[in-house]
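Text of the file work-v2.txt, holding compact mmCIF, C-alpha atoms and all ligand atoms:
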```
# COMPACT_ATOMS: atom_id res chain seq x y z
CA MET A 674 -193.84 -177.41 -39.94
CA ALA A 675 -191.98 -174.10 -40.03
CA ILE A 676 -193.83 -170.89 -40.83
CA ASN A 677 -191.54 -167.98 -41.65
CA THR A 678 -192.63 -164.83 -39.86
CA HIS A 679 -189.73 -162.75 -41.16
CA PHE A 680 -186.56 -163.14 -43.15
CA TYR A 681 -183.09 -163.07 -41.64
CA CYS A 682 -182.33 -161.66 -38.20
CA PRO A 683 -183.43 -158.19 -37.04
CA HIS A 684 -180.16 -157.88 -35.09
CA GLY A 685 -177.76 -159.63 -37.46
CA LYS A 686 -174.58 -158.40 -35.76
CA CYS A 687 -173.33 -161.14 -33.42
CA ALA A 688 -169.61 -161.53 -34.05
CA PHE A 689 -169.71 -165.35 -34.07
CA CYS A 690 -172.87 -165.78 -36.15
CA PRO A 691 -172.41 -167.40 -39.55
CA SER A 692 -176.06 -167.04 -40.64
CA LYS A 693 -175.26 -164.03 -42.85
CA LEU A 694 -172.88 -166.23 -44.82
CA PHE A 695 -175.49 -168.90 -45.53
CA ASP A 696 -178.72 -166.93 -45.72
CA SER A 697 -179.97 -166.24 -49.20
CA THR A 698 -181.81 -163.11 -48.01
CA PRO A 699 -179.24 -161.39 -45.82
CA LYS A 700 -181.46 -158.35 -45.22
CA PHE A 701 -183.97 -158.37 -42.41
CA GLN A 702 -187.48 -158.18 -43.78
CA ARG A 703 -190.79 -158.37 -41.92
CA ARG A 704 -193.55 -160.35 -43.56
CA THR A 705 -197.11 -159.10 -43.57
CA LEU A 706 -199.93 -160.97 -41.88
CA ASP A 707 -201.51 -161.55 -45.30
CA GLU A 708 -198.33 -163.20 -46.61
CA ILE A 709 -198.07 -165.53 -43.62
CA ILE A 710 -201.76 -166.47 -43.75
CA LYS A 711 -201.38 -167.17 -47.47
CA ASP A 712 -198.41 -169.48 -46.74
CA ILE A 713 -200.50 -171.42 -44.23
CA ASP A 714 -203.43 -171.65 -46.67
CA ASN A 715 -201.14 -172.85 -49.47
CA ALA A 716 -199.53 -175.45 -47.21
CA ALA A 717 -202.97 -176.68 -46.13
CA LEU A 718 -204.13 -176.89 -49.74
CA LEU A 719 -201.03 -178.82 -50.82
CA ASP A 720 -201.36 -181.10 -47.81
CA GLN A 721 -204.99 -181.80 -48.65
CA MET A 722 -204.24 -182.50 -52.30
CA LEU A 723 -201.31 -184.79 -51.72
CA PHE A 724 -201.75 -186.57 -48.45
CA LYS A 725 -205.42 -187.27 -48.07
CA SER A 726 -204.85 -190.73 -46.69
CA ASN A 727 -203.12 -191.36 -43.36
CA GLU A 728 -200.59 -193.56 -45.13
CA ILE A 729 -197.68 -191.15 -45.54
CA ASN A 730 -194.49 -192.92 -46.49
CA ASP A 731 -191.57 -192.64 -48.88
CA ILE A 732 -193.68 -193.97 -51.78
CA SER A 733 -196.52 -191.49 -51.29
CA ILE A 734 -193.98 -188.66 -51.02
CA MET A 735 -192.18 -189.71 -54.24
CA ARG A 736 -195.52 -190.07 -56.03
CA ALA A 737 -196.46 -186.53 -54.97
CA ILE A 738 -193.09 -185.15 -56.09
CA SER A 739 -193.42 -186.74 -59.53
CA ARG A 740 -196.84 -185.08 -59.84
CA PHE A 741 -195.60 -181.62 -58.80
CA PRO A 742 -191.81 -181.61 -59.35
CA SER A 743 -191.45 -177.83 -58.89
CA LEU A 744 -192.88 -178.19 -55.35
CA SER A 745 -190.54 -180.99 -54.31
CA ASP A 746 -189.06 -179.07 -51.34
CA CYS A 747 -192.50 -178.25 -49.93
CA ILE A 748 -193.71 -181.82 -50.47
CA LEU A 749 -190.68 -183.30 -48.74
CA HIS A 750 -191.14 -180.92 -45.85
CA LEU A 751 -194.81 -181.84 -45.48
CA GLY A 752 -194.16 -185.55 -45.98
CA TYR A 753 -191.46 -185.78 -43.32
CA TRP A 754 -193.51 -183.61 -41.01
CA HIS A 755 -196.30 -186.17 -41.19
CA ALA A 756 -193.96 -189.14 -40.98
CA TYR A 757 -191.81 -187.97 -38.07
CA SER A 758 -194.05 -185.79 -35.95
CA ASN A 759 -197.52 -186.99 -36.91
CA ALA A 760 -198.12 -183.46 -38.18
CA SER A 761 -198.34 -182.36 -34.55
CA THR A 762 -195.64 -179.69 -34.21
CA ALA A 763 -195.11 -176.24 -35.69
CA PHE A 764 -192.31 -173.73 -35.46
CA LEU A 765 -192.65 -169.98 -35.95
CA GLY A 766 -189.60 -169.37 -38.08
CA GLY A 767 -187.31 -166.36 -37.98
CA ALA A 768 -184.75 -165.36 -35.37
CA ASN A 769 -187.16 -163.22 -33.38
CA PRO A 770 -190.93 -163.54 -34.03
CA LEU A 771 -191.44 -161.78 -30.67
CA LEU A 772 -190.96 -158.48 -32.44
CA TYR A 773 -194.55 -158.65 -33.73
CA ARG A 774 -197.59 -157.44 -31.80
CA LYS A 775 -199.38 -160.11 -29.76
CA GLU A 776 -202.56 -159.82 -31.89
CA PHE A 777 -200.47 -160.55 -34.99
CA LEU A 778 -198.93 -163.72 -33.55
CA LYS A 779 -202.24 -164.81 -32.05
CA THR A 780 -203.89 -164.58 -35.48
CA VAL A 781 -201.05 -166.60 -37.06
CA MET A 782 -201.25 -169.38 -34.47
CA THR A 783 -205.06 -169.49 -34.43
CA HIS A 784 -205.13 -169.79 -38.22
CA LEU A 785 -202.40 -172.43 -38.19
CA LYS A 786 -204.33 -174.58 -35.72
CA LYS A 787 -207.57 -174.10 -37.65
CA LYS A 788 -205.98 -175.27 -40.91
CA PHE A 789 -203.97 -178.05 -39.26
CA PRO A 790 -206.02 -179.34 -36.31
CA SER A 791 -203.39 -182.05 -35.70
CA ILE A 792 -200.94 -179.42 -34.36
CA ASN A 793 -200.68 -179.62 -30.61
CA ARG A 794 -197.37 -177.93 -30.03
CA ILE A 795 -195.97 -174.61 -31.29
CA THR A 796 -192.48 -173.31 -30.56
CA SER A 797 -190.40 -170.33 -31.66
CA TYR A 798 -187.11 -168.50 -31.26
CA GLY A 799 -186.92 -165.22 -29.40
CA ARG A 800 -184.44 -162.57 -28.25
CA THR A 801 -184.24 -161.72 -24.55
CA ARG A 802 -183.98 -157.98 -25.27
CA THR A 803 -187.37 -158.07 -26.98
CA ALA A 804 -188.82 -160.40 -24.33
CA ALA A 805 -187.70 -157.99 -21.59
CA LYS A 806 -189.55 -155.10 -23.23
CA LYS A 807 -192.76 -157.03 -23.89
CA GLY A 808 -193.80 -157.90 -20.33
CA SER A 809 -195.39 -161.11 -19.09
CA SER A 810 -198.94 -160.24 -20.27
CA PHE A 811 -197.67 -160.48 -23.87
CA PHE A 812 -196.51 -164.04 -23.25
CA LYS A 813 -199.74 -165.01 -21.46
CA VAL A 814 -201.65 -164.11 -24.64
CA LEU A 815 -199.20 -166.11 -26.77
CA HIS A 816 -199.47 -169.08 -24.43
CA GLU A 817 -203.28 -169.01 -24.63
CA ALA A 818 -202.99 -168.86 -28.43
CA GLY A 819 -200.90 -172.04 -28.36
CA LEU A 820 -197.23 -171.10 -28.02
CA ASP A 821 -195.61 -173.78 -25.84
CA ARG A 822 -191.91 -173.04 -25.84
CA ILE A 823 -189.47 -170.25 -26.72
CA HIS A 824 -185.82 -170.97 -27.53
CA VAL A 825 -183.47 -168.12 -26.67
CA GLY A 826 -179.78 -167.79 -27.39
CA LEU A 827 -178.37 -166.54 -24.09
CA GLU A 828 -174.85 -167.49 -25.20
CA SER A 829 -173.38 -165.89 -22.07
CA GLY A 830 -174.37 -164.23 -18.81
CA SER A 831 -171.27 -162.03 -18.83
CA ASN A 832 -171.84 -158.48 -20.02
CA ASN A 833 -168.19 -158.24 -21.09
CA VAL A 834 -168.59 -161.25 -23.36
CA LEU A 835 -171.97 -160.13 -24.70
CA LYS A 836 -170.55 -156.69 -25.52
CA PHE A 837 -167.41 -158.04 -27.16
CA MET A 838 -169.56 -160.37 -29.27
CA ASN A 839 -171.96 -157.56 -30.20
CA LYS A 840 -174.87 -159.69 -29.03
CA GLY A 841 -177.08 -156.61 -28.67
CA THR A 842 -178.41 -157.65 -25.27
CA THR A 843 -177.27 -157.78 -21.66
CA SER A 844 -177.47 -160.16 -18.74
CA GLU A 845 -180.16 -157.87 -17.27
CA PHE A 846 -182.28 -158.31 -20.40
CA HIS A 847 -181.59 -162.06 -20.22
CA VAL A 848 -182.99 -162.21 -16.69
CA THR A 849 -186.01 -159.93 -17.22
CA GLY A 850 -186.81 -161.45 -20.63
CA GLY A 851 -186.45 -165.01 -19.35
CA LYS A 852 -188.68 -164.29 -16.35
CA ASN A 853 -191.32 -162.63 -18.54
CA ILE A 854 -191.48 -165.71 -20.77
CA LYS A 855 -191.82 -168.01 -17.79
CA ASP A 856 -194.40 -165.77 -16.09
CA GLY A 857 -196.45 -166.14 -19.27
CA GLU A 858 -196.37 -169.91 -18.59
CA ILE A 859 -194.29 -170.59 -21.68
CA SER A 860 -191.52 -173.13 -21.35
CA LEU A 861 -188.06 -171.61 -21.75
CA CYS A 862 -185.13 -173.27 -23.47
CA THR A 863 -181.78 -171.44 -23.31
CA TYR A 864 -178.70 -171.92 -25.47
CA ILE A 865 -175.26 -171.40 -23.95
CA MET A 866 -172.04 -171.14 -25.89
CA PRO A 867 -169.02 -172.65 -24.08
CA GLY A 868 -165.78 -171.06 -25.23
CA LEU A 869 -167.37 -167.72 -26.09
CA GLY A 870 -165.36 -165.83 -23.47
CA GLY A 871 -162.09 -166.99 -25.00
CA LYS A 872 -159.04 -167.15 -22.72
CA LYS A 873 -159.68 -163.68 -21.28
CA TRP A 874 -163.16 -164.25 -19.86
CA THR A 875 -163.45 -168.03 -19.56
CA GLU A 876 -164.02 -167.98 -15.79
CA GLU A 877 -166.29 -164.96 -15.84
CA HIS A 878 -168.25 -166.44 -18.75
CA ALA A 879 -168.92 -169.67 -16.82
CA ILE A 880 -169.77 -168.07 -13.47
CA GLU A 881 -171.89 -165.23 -14.82
CA THR A 882 -173.76 -167.58 -17.14
CA ALA A 883 -174.52 -169.87 -14.19
CA ARG A 884 -175.73 -166.82 -12.23
CA VAL A 885 -178.17 -165.84 -15.00
CA ILE A 886 -179.40 -169.44 -15.32
CA ASN A 887 -179.95 -169.61 -11.55
CA GLU A 888 -182.01 -166.41 -11.69
CA ILE A 889 -184.18 -167.51 -14.60
CA GLU A 890 -184.35 -171.25 -13.90
CA PRO A 891 -185.09 -172.26 -17.50
CA LYS A 892 -186.56 -175.65 -18.33
CA TYR A 893 -183.53 -176.49 -20.51
CA VAL A 894 -179.93 -175.38 -20.83
CA ARG A 895 -178.49 -176.56 -24.12
CA LEU A 896 -174.79 -176.34 -24.88
CA ARG A 897 -173.48 -175.20 -28.28
CA THR A 898 -169.69 -174.95 -28.13
CA LEU A 899 -168.23 -172.01 -30.03
CA GLU A 900 -167.06 -172.76 -33.57
CA ILE A 901 -165.38 -169.87 -35.34
CA PHE A 902 -166.48 -169.74 -38.96
CA PRO A 903 -164.31 -168.05 -41.59
CA ALA A 904 -165.40 -164.57 -42.68
CA THR A 905 -167.34 -163.87 -39.47
CA PRO A 906 -166.34 -160.79 -37.43
CA LEU A 907 -165.07 -163.13 -34.72
CA TYR A 908 -162.76 -164.84 -37.21
CA LEU A 909 -161.19 -161.45 -37.95
CA LYS A 910 -160.79 -160.78 -34.21
CA LEU A 911 -159.09 -164.18 -33.89
CA LYS A 912 -156.71 -163.39 -36.73
CA SER A 913 -155.89 -159.93 -35.35
CA GLY A 914 -155.14 -161.38 -31.89
CA GLU A 915 -158.09 -159.64 -30.20
CA PHE A 916 -159.63 -163.01 -29.35
CA HIS A 917 -157.83 -166.10 -28.08
CA GLU A 918 -159.66 -169.35 -28.64
CA LEU A 919 -159.81 -171.98 -25.89
CA THR A 920 -158.42 -175.47 -26.43
CA GLU A 921 -160.87 -178.37 -26.19
CA GLU A 922 -159.57 -179.14 -22.71
CA GLU A 923 -160.05 -175.53 -21.59
CA VAL A 924 -163.62 -175.59 -22.89
CA ILE A 925 -164.34 -178.69 -20.80
CA LYS A 926 -162.83 -177.02 -17.72
CA GLU A 927 -165.10 -174.04 -18.37
CA GLU A 928 -168.11 -176.35 -18.64
CA ARG A 929 -167.14 -177.91 -15.32
CA LEU A 930 -167.19 -174.48 -13.69
CA LEU A 931 -170.56 -173.75 -15.26
CA VAL A 932 -172.15 -177.00 -14.06
CA GLU A 933 -170.60 -176.56 -10.60
CA HIS A 934 -172.22 -173.13 -10.24
CA ILE A 935 -175.70 -174.02 -11.49
CA GLU A 936 -177.88 -174.39 -8.43
CA CYS A 937 -181.41 -174.23 -9.83
CA ASN A 938 -183.65 -176.99 -11.16
CA THR A 939 -182.99 -177.38 -14.85
CA THR A 940 -182.11 -179.96 -17.47
CA ILE A 941 -178.74 -179.55 -19.12
CA THR A 942 -178.11 -181.16 -22.51
CA SER A 943 -175.06 -181.52 -24.68
CA ASP A 944 -176.94 -182.22 -27.90
CA SER A 945 -174.79 -180.53 -30.51
CA ALA A 946 -172.07 -181.91 -32.74
CA ALA A 947 -170.00 -178.90 -31.71
CA ASN A 948 -169.70 -180.33 -28.18
CA LEU A 949 -167.02 -182.80 -27.25
CA LEU A 950 -168.50 -184.27 -24.05
CA LEU A 951 -171.97 -185.64 -24.70
CA GLU A 952 -172.04 -186.86 -21.10
CA ILE A 953 -172.91 -183.36 -19.84
CA TRP A 954 -176.54 -184.33 -19.79
CA GLY A 955 -179.04 -184.68 -16.99
CA ASP A 956 -181.35 -183.05 -14.49
CA LEU A 957 -179.72 -180.61 -12.11
CA PRO A 958 -179.09 -180.71 -9.23
CA LYS A 959 -179.87 -184.48 -9.12
CA ASP A 960 -177.29 -185.47 -11.76
CA LYS A 961 -174.61 -182.91 -10.92
CA ASP A 962 -172.14 -185.39 -9.41
CA LYS A 963 -172.58 -187.81 -12.29
CA ILE A 964 -171.87 -185.02 -14.81
CA LEU A 965 -168.88 -183.69 -12.88
CA ASN A 966 -167.46 -187.23 -12.67
CA ALA A 967 -167.78 -187.65 -16.43
CA ILE A 968 -165.97 -184.34 -16.92
CA ASP A 969 -163.23 -185.37 -14.50
CA ASN A 970 -162.79 -188.71 -16.29
CA TYR A 971 -162.01 -186.77 -19.45
CA LEU A 972 -159.74 -184.28 -17.67
CA ASP A 973 -157.80 -187.18 -16.09
CA LEU A 974 -156.83 -188.59 -19.51
CA SER A 975 -153.24 -188.08 -20.67
CA PRO A 976 -152.73 -185.46 -23.44
CA LYS A 977 -152.40 -188.24 -26.04
CA GLU A 978 -155.52 -190.02 -24.79
CA LYS A 979 -157.41 -186.73 -24.98
CA ILE A 980 -156.55 -186.30 -28.66
CA GLU A 981 -157.56 -189.90 -29.40
CA PHE A 982 -160.82 -189.38 -27.53
CA SER A 983 -161.48 -186.22 -29.47
CA LEU A 984 -160.81 -187.84 -32.85
CA LYS A 985 -163.13 -190.74 -32.00
CA ARG A 986 -165.95 -188.41 -30.92
CA ARG A 987 -165.58 -186.13 -33.95
CA LEU A 988 -165.58 -189.08 -36.34
CA GLU A 989 -168.74 -190.43 -34.71
CA ALA A 990 -170.39 -187.01 -34.96
CA TYR A 991 -169.43 -186.71 -38.63
CA GLU A 992 -170.80 -190.17 -39.43
CA SER A 993 -174.06 -189.51 -37.63
CA GLN A 994 -174.52 -186.26 -39.58
CA TYR A 995 -173.48 -187.38 -43.04
CA GLY A 996 -174.06 -191.15 -42.89
CA SER A 997 -170.42 -192.02 -43.66
CA LEU A 998 -166.95 -190.48 -43.76
CA SER A 999 -166.01 -188.38 -46.78
CA GLU A 1000 -163.25 -189.63 -49.08
CA GLU A 1001 -161.01 -186.82 -47.88
CA ILE A 1002 -161.38 -187.84 -44.23
CA GLN A 1003 -160.88 -191.52 -45.06
CA LYS A 1004 -157.62 -190.67 -46.83
CA LYS A 1005 -156.39 -188.66 -43.86
CA ILE A 1006 -157.23 -191.50 -41.46
CA LYS A 1007 -155.46 -194.04 -43.70
CA ARG A 1008 -152.36 -191.86 -43.87
CA LEU A 1009 -152.45 -191.51 -40.08
CA ALA A 1010 -152.82 -195.29 -39.61
CA ASN A 1011 -149.77 -195.86 -41.82
CA SER A 1012 -147.57 -193.51 -39.83
CA LEU A 1013 -145.70 -194.55 -36.71
CA LYS A 1014 -147.38 -193.91 -33.38
CA ASP A 1015 -144.10 -192.90 -31.75
CA ASP A 1016 -143.39 -190.38 -34.48
CA LYS A 1017 -143.81 -187.01 -32.74
CA LYS A 1018 -145.81 -185.75 -35.69
CA TYR A 1019 -148.43 -188.48 -35.20
CA TYR A 1020 -150.48 -186.58 -32.61
CA ASP A 1021 -150.05 -183.28 -34.43
CA ARG A 1022 -151.53 -184.95 -37.48
CA MET A 1023 -154.37 -186.27 -35.37
CA LYS A 1024 -155.06 -182.76 -34.02
CA LYS A 1025 -155.21 -181.43 -37.56
CA ILE A 1026 -157.73 -184.10 -38.56
CA VAL A 1027 -159.88 -183.19 -35.55
CA LYS A 1028 -159.82 -179.53 -36.61
CA PHE A 1029 -160.62 -180.49 -40.19
CA ILE A 1030 -163.67 -182.53 -39.12
CA ARG A 1031 -164.92 -179.91 -36.65
CA LYS A 1032 -165.06 -177.29 -39.39
CA ARG A 1033 -167.36 -179.55 -41.38
CA LEU A 1034 -169.82 -180.44 -38.62
CA ILE A 1035 -173.15 -178.70 -38.43
CA PRO A 1036 -173.36 -177.37 -34.85
S1 LIG B 1101 -179.32 -162.93 -32.78
FE1 LIG B 1101 -178.97 -165.06 -33.45
S2 LIG B 1101 -179.37 -165.07 -35.66
FE2 LIG B 1101 -179.19 -162.91 -35.03
S3 LIG B 1101 -177.05 -162.40 -35.45
FE3 LIG B 1101 -177.17 -163.04 -33.31
S4 LIG B 1101 -176.74 -165.27 -33.31
FE4 LIG B 1101 -177.20 -164.63 -35.43
```

How does the structure come out when it is put into structure tokens?
Amino acid sequence: MAINTHFYCPHGKCAFCPSKLFDSTPKFQRRTLDEIIKDIDNAALLDQMLFKSNEINDISIMRAISRFPSLSDCILHLGYWHAYSNASTAFLGGANPLLYRKEFLKTVMTHLKKKFPSINRITSYGRTRTAAKKGSSFFKVLHEAGLDRIHVGLESGSNNVLKFMNKGTTSEFHVTGGKNIKDGEISLCTYIMPGLGGKKWTEEHAIETARVINEIEPKYVRLRTLEIFPATPLYLKLKSGEFHELTEEEVIKEERLLVEHIECNTTITSDSAANLLLEIWGDLPKDKDKILNAIDNYLDLSPKEKIEFSLKRRLEAYESQYGSLSEEIQKKIKRLANSLKDDKKYYDRMKKIVKFIRKRLIP
């Protein structure tokens, strides 16, 4: 279950971030404690009315929707929450709930657990800049109130990259904020964005990010390869020549450098459709050699094999997200299959299809 603590992002200025383009309320807006408590009460009431029995399945959800059609989104949300997590998890929504006072968040979580006693795990997002200013005692209180994990978007450990991307934080805030969270006994999950340094800072981005990870030693490092969305500030920088995007191969080389330089105990995961190599997954340092070997296997492929590999992976990612290939993609693949493999345009066509699919994947 997701409980919105505020709307949109209080920072809202990262050059690569597409959320402004999709968000229906693009202005940051705090919610009051009363509003959040009312949301929880309404959700509990709806839950009680619709799902009294333990038998939650597609039929009970459809029956509930036909009874209250205007609440179909809420019912689906509640139904799937029961079906897939046994109503045991909750997420404090909003890009940075840490901006509230600890008493505020404690009240929200206490009320949530009171109304939904089945919840045994609460997670949230958070910004390192805010976490650095709060101090570890803030996180101890949140932990006691039930907050188990905080997900932070580090993106990079390089101050040059963070500044260029207008991330509104620094590697120093990353380290202090990350340590504060961990000192509060809250599990820390960090998100890293391969490719964010572009050609100019690729090496610095990898090495500095590894340095920050080594200092914080987060529980998880999750990779989210940079995708440049149209109409974002970064897209304009790309068009004006201020930013030079890495090729897929260069991104993998950067990831190799990152993995090589991580020396702490952490789990690295490549669990995003934006990533090409899903094999970058395991516990470090134990699985480092295995991961580096998988990277080298890719890097050893010929240029043509690399494109074929990429197309295969992107098609698989698309199918797993949307269930099947769109008509447009099927047509492109058919046209490609009908063209001659030794035609020099064959691989260019393949590259274009890869680009086309990547733009449609949800990272
Ligand atoms: S902090 Fe996160 S949500 Fe906010 S603008 Fe940056 S990337 Fe987007």

Would you mind listing the residues within 6 Å of ligand LIG 1101 (chain B), counting all atoms listed in the file, as a list in words?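 Residues satisfying the distance criterion: Cys682, His684, Gly685, Lys686, Cys687, Cys690, Ser692, Ala768 and Lys840 of chain A.
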
List the neighbours of A:Leu950 out to 10 Å using only C-alpha atoms; skip same-chain residues closer than 3 positions along the sequence, and give me the result as a ChimeraX atom specification. /A:921,925,928,943-947,953-954,964,967-968,971,982-983,986

What lies within 8 Å of stretch 972-974 of chain A using all atoms listed in the file, ignoring chain neighbours under 5 positions off, as a VMD selection string? chain A and resid 922 925 to 926 979

Env of A:Ser844: 10 Å cut, atoms = only C-alpha atoms, seq-sep filter 6 positions within chain, self excluded. Answer as a list of chain:residue names. A:Thr801, A:Arg802, A:Leu827, A:Ser829, A:Gly830, A:Ser831, A:Asn832, A:Asn833, A:Leu835, A:Gly850, A:Glu881, A:Thr882, A:Arg884, A:Val885

Export, as a PDB file, keeping the file's coordinate frame, the selected residues with C-alpha atoms.
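Generated file (again.pdb):
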```pdb
ATOM      1  CA  THR A 801    -184.240-161.720 -24.550  1.00  0.00           C
ATOM      2  CA  ARG A 802    -183.980-157.980 -25.270  1.00  0.00           C
ATOM      3  CA  LEU A 827    -178.370-166.540 -24.090  1.00  0.00           C
ATOM      4  CA  SER A 829    -173.380-165.890 -22.070  1.00  0.00           C
ATOM      5  CA  GLY A 830    -174.370-164.230 -18.810  1.00  0.00           C
ATOM      6  CA  SER A 831    -171.270-162.030 -18.830  1.00  0.00           C
ATOM      7  CA  ASN A 832    -171.840-158.480 -20.020  1.00  0.00           C
ATOM      8  CA  ASN A 833    -168.190-158.240 -21.090  1.00  0.00           C
ATOM      9  CA  LEU A 835    -171.970-160.130 -24.700  1.00  0.00           C
ATOM     10  CA  GLY A 850    -186.810-161.450 -20.630  1.00  0.00           C
ATOM     11  CA  GLU A 881    -171.890-165.230 -14.820  1.00  0.00           C
ATOM     12  CA  THR A 882    -173.760-167.580 -17.140  1.00  0.00           C
ATOM     13  CA  ARG A 884    -175.730-166.820 -12.230  1.00  0.00           C
ATOM     14  CA  VAL A 885    -178.170-165.840 -15.000  1.00  0.00           C
TER      15      VAL A 885
END
```

Which of A:Ala883, A:Leu785, A:Ile732, A:Leu765 sits closest to A:Asp714 [using all atoms listed in the file]: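 Of A:Ala883, A:Leu785, A:Ile732, A:Leu765, the one nearest A:Asp714, counting all atoms listed in the file, is A:Leu785.
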
So, counting all atoms listed in the file, which residue among A:Leu744, A:Leu949, A:Leu778, A:Ala1010 is closest to A:His816?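 Result for the nearest residue to A:His816: A:Leu778.
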
Can you work out the spacing between atom CA of A:Ser797 and atom CA of A:Phe764 in Å, to one decimal? 5.4 Å

Closest of A:Phe837, A:Asn948, A:Lys961, A:His824 to A:Leu907, counting all atoms listed in the file, is A:Phe837

Let me make sure I understand: among A:Asn887, A:Leu965, A:Lys873, A:Met838, which one has the smallest atom-to-atom distance to A:Gly851 if we use all atoms listed in the file?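 Smallest separation from A:Gly851 among the options: A:Asn887.
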
One decimal, in Å: what's the spacing between atom CA of A:Met735 and atom CA of A:Gly766?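 These atoms are spaced 26.1 Å apart.
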
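Using all atoms listed in the file, the nearest neighbour of A:Glu1001 within the list A:Ile1030, A:Glu708, A:His755, A:Ile676 is A:Ile1030.
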
Stretch 918-920 of chain A surroundings by all atoms listed in the file, 12 Å radius, close-in-sequence under 2 positions cut, as a ChimeraX atom specification: /A:867-876,898-901,907-908,910-912,914-916,922-928,949,976,979-980,983,1024,1028

Could you take the residues named above and write them with C-alpha atoms, as a compact mmCIF listing (two decimals), in the coordinates of the input?
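Contents of again_14.txt, as written:
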```
# COMPACT_ATOMS: atom_id res chain seq x y z
CA PRO A 867 -169.02 -172.65 -24.08
CA GLY A 868 -165.78 -171.06 -25.23
CA LEU A 869 -167.37 -167.72 -26.09
CA GLY A 870 -165.36 -165.83 -23.47
CA GLY A 871 -162.09 -166.99 -25.00
CA LYS A 872 -159.04 -167.15 -22.72
CA LYS A 873 -159.68 -163.68 -21.28
CA TRP A 874 -163.16 -164.25 -19.86
CA THR A 875 -163.45 -168.03 -19.56
CA GLU A 876 -164.02 -167.98 -15.79
CA THR A 898 -169.69 -174.95 -28.13
CA LEU A 899 -168.23 -172.01 -30.03
CA GLU A 900 -167.06 -172.76 -33.57
CA ILE A 901 -165.38 -169.87 -35.34
CA LEU A 907 -165.07 -163.13 -34.72
CA TYR A 908 -162.76 -164.84 -37.21
CA LYS A 910 -160.79 -160.78 -34.21
CA LEU A 911 -159.09 -164.18 -33.89
CA LYS A 912 -156.71 -163.39 -36.73
CA GLY A 914 -155.14 -161.38 -31.89
CA GLU A 915 -158.09 -159.64 -30.20
CA PHE A 916 -159.63 -163.01 -29.35
CA GLU A 922 -159.57 -179.14 -22.71
CA GLU A 923 -160.05 -175.53 -21.59
CA VAL A 924 -163.62 -175.59 -22.89
CA ILE A 925 -164.34 -178.69 -20.80
CA LYS A 926 -162.83 -177.02 -17.72
CA GLU A 927 -165.10 -174.04 -18.37
CA GLU A 928 -168.11 -176.35 -18.64
CA LEU A 949 -167.02 -182.80 -27.25
CA PRO A 976 -152.73 -185.46 -23.44
CA LYS A 979 -157.41 -186.73 -24.98
CA ILE A 980 -156.55 -186.30 -28.66
CA SER A 983 -161.48 -186.22 -29.47
CA LYS A 1024 -155.06 -182.76 -34.02
CA LYS A 1028 -159.82 -179.53 -36.61
```

Stretch 780-782 of chain A surroundings by all atoms listed in the file, 7 Å radius, close-in-sequence under 6 positions cut, as a ChimeraX atom specification: /A:710,818-819

Kindly save the residues from that selection, with C-alpha atoms included, as an mmCIF file, keeping the file's coordinate frame.
```cif
data_model
loop_
_atom_site.group_PDB
_atom_site.id
_atom_site.type_symbol
_atom_site.label_atom_id
_atom_site.label_comp_id
_atom_site.auth_asym_id
_atom_site.auth_seq_id
_atom_site.Cartn_x
_atom_site.Cartn_y
_atom_site.Cartn_z
ATOM 1 C CA ILE A 710 -201.760 -166.470 -43.750
ATOM 2 C CA ALA A 818 -202.990 -168.860 -28.430
ATOM 3 C CA GLY A 819 -200.900 -172.040 -28.360
#
```

For each of A:Met722, A:Leu1013, A:Leu909, A:Ile886, take the minimum atom-to-atom distance to A:Leu957, counting all atoms listed in the file, then give the residue where this is smallest.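 Nearest to A:Leu957: A:Ile886.
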
Once you count all atoms listed in the file, which residues end up no further than 10 Å from (-199.0, -163.3, -26.3) in the file's frame, shown as a ChimeraX atom specification? /A:771,773-779,807-820,854,857,859

Atomic distance atom CA of A:Lys892 - atom CA of A:Thr939, expressed in Å with one decimal: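 Result for atom CA of A:Lys892 versus atom CA of A:Thr939: 5.3 Å, one decimal.
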